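> Input: one structure, supplied below.
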Amino acid sequence: MVSGNVAELLCLLRHCNTLRSVTQVHTHIFKTGLDSDAFITGNLILHCATLISDALHHAFSLLLHSPNPDAFMYNTVIRGFSDSDHPHNSFTTFIDMRRNSNNLQPDSFSFAFSLKAAANIRSYNTGIQLHSQAILYGLHNHLYVGTTLVSMYAECGWICHARKVFEEMFEPNVVAWNAMITACMRCYDVKGAETLYKQMQVRDIHSSNIMLSGYMKSGEVHLAMKLFSEMPLKDDVSWSTMITGFSHNECFNEAFDFFLQSHKLGSKPNEVSLTGILSVCTQSGEFQFSKILHCYLEKSGFVSRSSITNALMDTYFKSGNINMGRLVFEKMPGKKNLVSWTTMVTGIAMQGYGKEAMELFHQMVDSGVKPDGIAFISILYACSHAGLIEHGCKYFSMMKNEYGIEPSYEHYGCMVDLYGRSGELKKAYEFIMKMPIEANDVIWRTLLGACGIHGDVELGEEVRRRLLEVDPNDSGDCVLLSNMYASVGKWKDVAGVRQMMDSQGLMKTPGWSVSEVS
DNA sequence: TTAGGGTTAG
């Protein structure tokens with residue numbers, strides 16, 4: 001009778017796709033007294049942690065309130081956290097498992113999931129500690145643990161450790177070999193990956209897809225095309241890898257060609273190939289094609305996927321169609337995620353609507369979405385392009401003090417641009433001198449451009465000296481330099497720059513012409 | 001009894 005109830009409950013659970021429906025089943029479980037059954041609780045936790053979005057906290061709560069949690073429950077929560085926005089919680093759960101429970105030992109699942117969390121946050125220190133623990137428990141040679149160790153070390157940039165683990169593996173299978181090829185490609189060791197690929201006794205379609213993606217990421221477009229043509233079997237991942245690879249390497253015609261070919265050959269477009277081809281439309285300016293794609297996306301239902309909507313918004317904003325970009329954003333089903341908000345803020349900011357971008361940024365925060373470093377780049381960009389210096393400074397300090405985000409070169413660059421565009425050149429210079437990291441060429445060039453716009457030759461020459469200290473071979477700023485001299489009518493100096501460029505053979509640089517100003 | 005590692009985008 002009891003086993004019949006269990007089967008019935010599991011069947012009910014399988015049909016739940018919201019936290020609300022799971023809670024209803026849970027209430028029923030409680031009423032029937034089956035909540036003390038570890039198998040039932042384990043399945044409840046599994047369902048919440050892996051199958052329903054936004055239910056991980058509930059899975060964690062079930063674990064905490066379980067009178068006798070077992071390894072399966074702990075492992076499932078560790079797994080859920082490893083793929084969440086808070087992978088660190090995997091480690092605290094791993095520690096809790098050993099401290100709070102009666103003689104519970106971590107097993108291969110505990111290590112594989114925790115190592116995945118370490119890989120996701122690229123934490124070498126945590127990864128190596130887990131590796132030591134795995135050795136203590138005699139699980140470092142386990143096939144799944146070994147494979148995850150290879151991936152973890154590669155994600156953290158320690159290819160030598162990844163290789164050592166792989167070489168010490170006892171009879172690695174095709175997945176372990178694929179993990180090692182991926183590790184080589186992650187570290188841009190294309191030759192190493194090729195050697196392994198050739199050595200493989202058994203390959204599957206993943207092996208070839210990893211090679212395709214690695215070639216494309218390393219700019220080896222022709223090698224990817226050659227391998228693709230030799231592949232006896234291609235799946236939708238092979239096609240989308242090629243399309244996105246062409247997109248990254250700016251081979252727009254090839255991307256369109258492959259997209260249409262895959263369609264003709266009956267391979268269905270997926271989320272990745274569609275975001276890829278939308279990006280190609282944006283980069284190449286093929287906005288008519290993106291409109292056709294929009295119709296298809298509406299009809300096929302792909303428009304409900306946030307990655308697709310974000311790419312579509314980006315295309316509309318970059319084509320200057322603000323109203324359509326805004327409409328796509330407003331029609332997005334469900335809760336808008338961080339990428340959607342950031343795409344919207346950037347899109348509006350690009351068109352110069354600084355105040356609206358700020359309103360959107362606050363709406364995002366009010367809706368419970370926490371901004372990341374990229375979101376702050378977009379709002380700083382909005383402020384600099386709308387001349388909102390005070391607001392820009394406020395966001396910059398908010399980022400550091402309220403959100404604990406360390407500014408990157410991009411953030412510093414935005415601040416220099418913010419001061420520079422508004423003509424506060426001295427402040428921009430002082431800001432650079434006070435930066436805790438040494439300014440790079442991009443930051444100096446940003447200020448040099450501003451000196452040109454506002455005609456401050458004295459500061460511009462100082463900036464040029466600083467720029468040459470960072471990059472003695474730099475020549476990309478000649479246009480900025482000659483523009484600066486031209487803006488104050490120093491034609492002799494313009495001619496000087498022209499002569500310098502002549503002597504360095506730079507006169508063929510596209511996009512500039514001294515004759516236009518002289 | 002319930003689970004896992006390797007590929008494509010953002």
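Identifiers for the structure tokens are assigned positionally: chains receive A, B, ... in sequence, residues are indexed from 1 per chain, and ligands are indexed from 1 in the order shown.
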Compile the contact shell of Gly42 (chain A) as an MDAnalysis selection string: residues with an atom at most 8 Å away, counting only C-alpha atoms (C1' of nucleotides), same-chain residues fewer than 3 positions apart removed.

(chainID A and resid 38:39 45:46 72:73) or (chainID B and resid 2)

> Output the selection as a PDB file, in the first residue's frame - all heavy atoms for each residue.


```
ATOM      1  N   ALA A  38      13.023   9.025   3.372  1.00  0.00           N
ATOM      2  CA  ALA A  38      14.198   9.678   2.775  1.00  0.00           C
ATOM      3  C   ALA A  38      14.138   9.651   1.245  1.00  0.00           C
ATOM      4  O   ALA A  38      14.575  10.593   0.578  1.00  0.00           O
ATOM      5  CB  ALA A  38      15.467   9.000   3.254  1.00  0.00           C
ATOM      6  N   PHE A  39      13.579   8.609   0.694  1.00  0.00           N
ATOM      7  CA  PHE A  39      13.503   8.491  -0.773  1.00  0.00           C
ATOM      8  C   PHE A  39      12.591   9.586  -1.356  1.00  0.00           C
ATOM      9  O   PHE A  39      12.920  10.239  -2.351  1.00  0.00           O
ATOM     10  CB  PHE A  39      12.978   7.102  -1.141  1.00  0.00           C
ATOM     11  CG  PHE A  39      12.899   6.869  -2.613  1.00  0.00           C
ATOM     12  CD1 PHE A  39      14.048   6.800  -3.384  1.00  0.00           C
ATOM     13  CD2 PHE A  39      11.670   6.735  -3.250  1.00  0.00           C
ATOM     14  CE1 PHE A  39      13.976   6.590  -4.753  1.00  0.00           C
ATOM     15  CE2 PHE A  39      11.595   6.521  -4.621  1.00  0.00           C
ATOM     16  CZ  PHE A  39      12.745   6.452  -5.375  1.00  0.00           C
ATOM     17  N   ILE A  45      13.740  17.148  -3.200  1.00  0.00           N
ATOM     18  CA  ILE A  45      14.919  18.031  -3.277  1.00  0.00           C
ATOM     19  C   ILE A  45      15.455  18.052  -4.711  1.00  0.00           C
ATOM     20  O   ILE A  45      15.756  19.111  -5.263  1.00  0.00           O
ATOM     21  CB  ILE A  45      16.005  17.578  -2.267  1.00  0.00           C
ATOM     22  CG1 ILE A  45      15.493  17.794  -0.835  1.00  0.00           C
ATOM     23  CG2 ILE A  45      17.305  18.324  -2.480  1.00  0.00           C
ATOM     24  CD1 ILE A  45      16.446  17.332   0.265  1.00  0.00           C
ATOM     25  N   LEU A  46      15.542  16.875  -5.314  1.00  0.00           N
ATOM     26  CA  LEU A  46      16.056  16.779  -6.690  1.00  0.00           C
ATOM     27  C   LEU A  46      15.197  17.613  -7.646  1.00  0.00           C
ATOM     28  O   LEU A  46      15.711  18.352  -8.485  1.00  0.00           O
ATOM     29  CB  LEU A  46      16.056  15.311  -7.136  1.00  0.00           C
ATOM     30  CG  LEU A  46      16.487  15.046  -8.572  1.00  0.00           C
ATOM     31  CD1 LEU A  46      17.964  15.364  -8.763  1.00  0.00           C
ATOM     32  CD2 LEU A  46      16.232  13.590  -8.973  1.00  0.00           C
ATOM     33  N   PHE A  72      22.602  11.551  -0.789  1.00  0.00           N
ATOM     34  CA  PHE A  72      21.899  11.941  -2.014  1.00  0.00           C
ATOM     35  C   PHE A  72      21.338  13.364  -1.892  1.00  0.00           C
ATOM     36  O   PHE A  72      21.474  14.180  -2.803  1.00  0.00           O
ATOM     37  CB  PHE A  72      20.762  10.949  -2.314  1.00  0.00           C
ATOM     38  CG  PHE A  72      19.965  11.321  -3.529  1.00  0.00           C
ATOM     39  CD1 PHE A  72      20.392  10.958  -4.790  1.00  0.00           C
ATOM     40  CD2 PHE A  72      18.803  12.071  -3.425  1.00  0.00           C
ATOM     41  CE1 PHE A  72      19.677  11.314  -5.919  1.00  0.00           C
ATOM     42  CE2 PHE A  72      18.078  12.434  -4.543  1.00  0.00           C
ATOM     43  CZ  PHE A  72      18.518  12.044  -5.793  1.00  0.00           C
ATOM     44  N   MET A  73      20.715  13.666  -0.758  1.00  0.00           N
ATOM     45  CA  MET A  73      20.122  14.995  -0.554  1.00  0.00           C
ATOM     46  C   MET A  73      21.213  16.075  -0.580  1.00  0.00           C
ATOM     47  O   MET A  73      21.067  17.101  -1.238  1.00  0.00           O
ATOM     48  CB  MET A  73      19.384  15.048   0.784  1.00  0.00           C
ATOM     49  CG  MET A  73      18.204  14.099   0.871  1.00  0.00           C
ATOM     50  SD  MET A  73      17.463  14.245   2.502  1.00  0.00           S
ATOM     51  CE  MET A  73      16.565  12.709   2.588  1.00  0.00           C
TER      52      MET A  73
ATOM     53  P    DT B   2      18.228   4.152  -8.685  1.00  0.00           P
ATOM     54  OP1  DT B   2      18.315   3.919 -10.143  1.00  0.00           O
ATOM     55  OP2  DT B   2      19.405   4.005  -7.810  1.00  0.00           O
ATOM     56  O5'  DT B   2      17.592   5.591  -8.436  1.00  0.00           O
ATOM     57  C5'  DT B   2      16.353   5.950  -9.063  1.00  0.00           C
ATOM     58  C4'  DT B   2      16.068   7.408  -8.750  1.00  0.00           C
ATOM     59  O4'  DT B   2      15.833   7.544  -7.344  1.00  0.00           O
ATOM     60  C3'  DT B   2      17.245   8.330  -9.030  1.00  0.00           C
ATOM     61  O3'  DT B   2      17.109   8.844 -10.332  1.00  0.00           O
ATOM     62  C2'  DT B   2      17.070   9.435  -8.006  1.00  0.00           C
ATOM     63  C1'  DT B   2      16.337   8.758  -6.876  1.00  0.00           C
ATOM     64  N1   DT B   2      17.203   8.462  -5.683  1.00  0.00           N
ATOM     65  C2   DT B   2      16.942   9.127  -4.530  1.00  0.00           C
ATOM     66  O2   DT B   2      16.050   9.943  -4.427  1.00  0.00           O
ATOM     67  N3   DT B   2      17.773   8.799  -3.483  1.00  0.00           N
ATOM     68  C4   DT B   2      18.799   7.896  -3.497  1.00  0.00           C
ATOM     69  O4   DT B   2      19.463   7.685  -2.492  1.00  0.00           O
ATOM     70  C5   DT B   2      19.024   7.224  -4.764  1.00  0.00           C
ATOM     71  C7   DT B   2      20.117   6.223  -4.884  1.00  0.00           C
ATOM     72  C6   DT B   2      18.230   7.540  -5.782  1.00  0.00           C
TER      73       DT B   2
END
```

> Please check the contacts: residues of chain B at most 6 Å away from chain A, using only C-alpha atoms (C1' of nucleotides), listed as a PyMOL selection string.

chain B and resi 2+5-9

> Could those residues be written to a file, using C-alpha atoms (C1' of nucleotides), as a PDB file, in the first residue's frame?


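Result written to again_0.pdb:
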```pdb
ATOM      1  C1'  DT B   2      16.337   8.758  -6.876  1.00  0.00           C
ATOM      2  C1'  DG B   5      31.795  14.331 -16.102  1.00  0.00           C
ATOM      3  C1'  DG B   6      33.010  16.573 -22.112  1.00  0.00           C
ATOM      4  C1'  DT B   7      30.443  20.643 -27.141  1.00  0.00           C
ATOM      5  C1'  DT B   8      27.429  25.691 -29.235  1.00  0.00           C
ATOM      6  C1'  DA B   9      25.344  31.693 -27.097  1.00  0.00           C
TER       7       DA B   9
END
```

> May I have the residues within 12 Å of Met398 (chain A) as a list in words, using only C-alpha atoms (C1' of nucleotides) and disregarding those fewer than 2 positions away in the same chain?

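My list of contacting residues is Pro371, Asp372, Gly373, Phe376, Ile379, Leu380, His391, Gly392, Cys393, Lys394, Tyr395, Phe396, Lys400, Asn401, Glu402, Tyr403, Gly404, Ile405, Glu406 and Pro407 of chain A.
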
> Counting only C-alpha atoms, figure out which residue out of A:Met152, A:Val488, A:Leu293, A:Met313 gets nearest to Thr343 (chain A).

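Using only C-alpha atoms, the shortest distance to Thr343 (chain A) belongs to A:Met313.
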
> Record the distance separating CA of Gly354 (chain A) and CA of Gly387 (chain A), expressed in Å with one decimal.

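These atoms are spaced 8.3 Å apart.
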
> If I take CA of Ala375 (chain A) and CA of Phe91 (chain A), how far is one from the other in Å, to one decimal?

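Answer for the CA of Ala375 (chain A) to CA of Phe91 (chain A) separation: 27.7 Å.
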
> Quick one: residues within 9 Å of Arg464 (chain A), only C-alpha atoms (C1' of nucleotides), excluding same-chain residues fewer than 2 positions away - as a PDB file with N, CA and C atoms, in the first residue's frame?


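Everything below was put into around-v4.pdb:
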```pdb
ATOM      1  N   TRP A 444      44.579  56.244 -22.070  1.00  0.00           N
ATOM      2  CA  TRP A 444      45.306  57.455 -22.497  1.00  0.00           C
ATOM      3  C   TRP A 444      44.750  57.982 -23.813  1.00  0.00           C
ATOM      4  N   ARG A 445      44.403  57.049 -24.713  1.00  0.00           N
ATOM      5  CA  ARG A 445      43.888  57.477 -26.021  1.00  0.00           C
ATOM      6  C   ARG A 445      42.516  58.155 -25.875  1.00  0.00           C
ATOM      7  N   LEU A 448      43.337  61.586 -24.875  1.00  0.00           N
ATOM      8  CA  LEU A 448      43.933  62.311 -26.009  1.00  0.00           C
ATOM      9  C   LEU A 448      42.834  62.785 -26.965  1.00  0.00           C
ATOM     10  N   LEU A 459      48.062  69.749 -22.599  1.00  0.00           N
ATOM     11  CA  LEU A 459      47.761  68.481 -21.921  1.00  0.00           C
ATOM     12  C   LEU A 459      47.841  67.319 -22.915  1.00  0.00           C
ATOM     13  N   GLY A 460      47.371  67.583 -24.149  1.00  0.00           N
ATOM     14  CA  GLY A 460      47.380  66.541 -25.183  1.00  0.00           C
ATOM     15  C   GLY A 460      48.790  66.030 -25.432  1.00  0.00           C
ATOM     16  N   GLU A 461      49.772  66.949 -25.446  1.00  0.00           N
ATOM     17  CA  GLU A 461      51.153  66.515 -25.697  1.00  0.00           C
ATOM     18  C   GLU A 461      51.684  65.691 -24.520  1.00  0.00           C
ATOM     19  N   GLU A 462      51.276  66.095 -23.314  1.00  0.00           N
ATOM     20  CA  GLU A 462      51.676  65.322 -22.115  1.00  0.00           C
ATOM     21  C   GLU A 462      51.071  63.900 -22.185  1.00  0.00           C
ATOM     22  N   ARG A 466      52.768  60.124 -22.281  1.00  0.00           N
ATOM     23  CA  ARG A 466      52.375  59.015 -21.401  1.00  0.00           C
ATOM     24  C   ARG A 466      51.995  57.780 -22.216  1.00  0.00           C
ATOM     25  N   LEU A 467      51.328  58.044 -23.310  1.00  0.00           N
ATOM     26  CA  LEU A 467      50.873  56.962 -24.185  1.00  0.00           C
ATOM     27  C   LEU A 467      52.065  56.202 -24.766  1.00  0.00           C
ATOM     28  N   LEU A 468      53.100  56.965 -25.159  1.00  0.00           N
ATOM     29  CA  LEU A 468      54.280  56.315 -25.731  1.00  0.00           C
ATOM     30  C   LEU A 468      55.052  55.521 -24.672  1.00  0.00           C
ATOM     31  N   GLU A 469      54.922  55.937 -23.392  1.00  0.00           N
ATOM     32  CA  GLU A 469      55.565  55.171 -22.311  1.00  0.00           C
ATOM     33  C   GLU A 469      54.914  53.797 -22.171  1.00  0.00           C
ATOM     34  N   ASP A 477      47.321  56.586 -32.455  1.00  0.00           N
ATOM     35  CA  ASP A 477      46.830  57.867 -31.962  1.00  0.00           C
ATOM     36  C   ASP A 477      47.178  59.019 -32.880  1.00  0.00           C
ATOM     37  N   LEU A 481      46.009  62.871 -32.604  1.00  0.00           N
ATOM     38  CA  LEU A 481      46.992  63.928 -32.416  1.00  0.00           C
ATOM     39  C   LEU A 481      46.824  65.011 -33.480  1.00  0.00           C
TER      40      LEU A 481
END
```

> Please measure the separation of CA of Asp257 (chain A) and CA of Leu297 (chain A), giving the value in Å to one decimal.

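Separation of CA of Asp257 (chain A) and CA of Leu297 (chain A): 19.2 Å.
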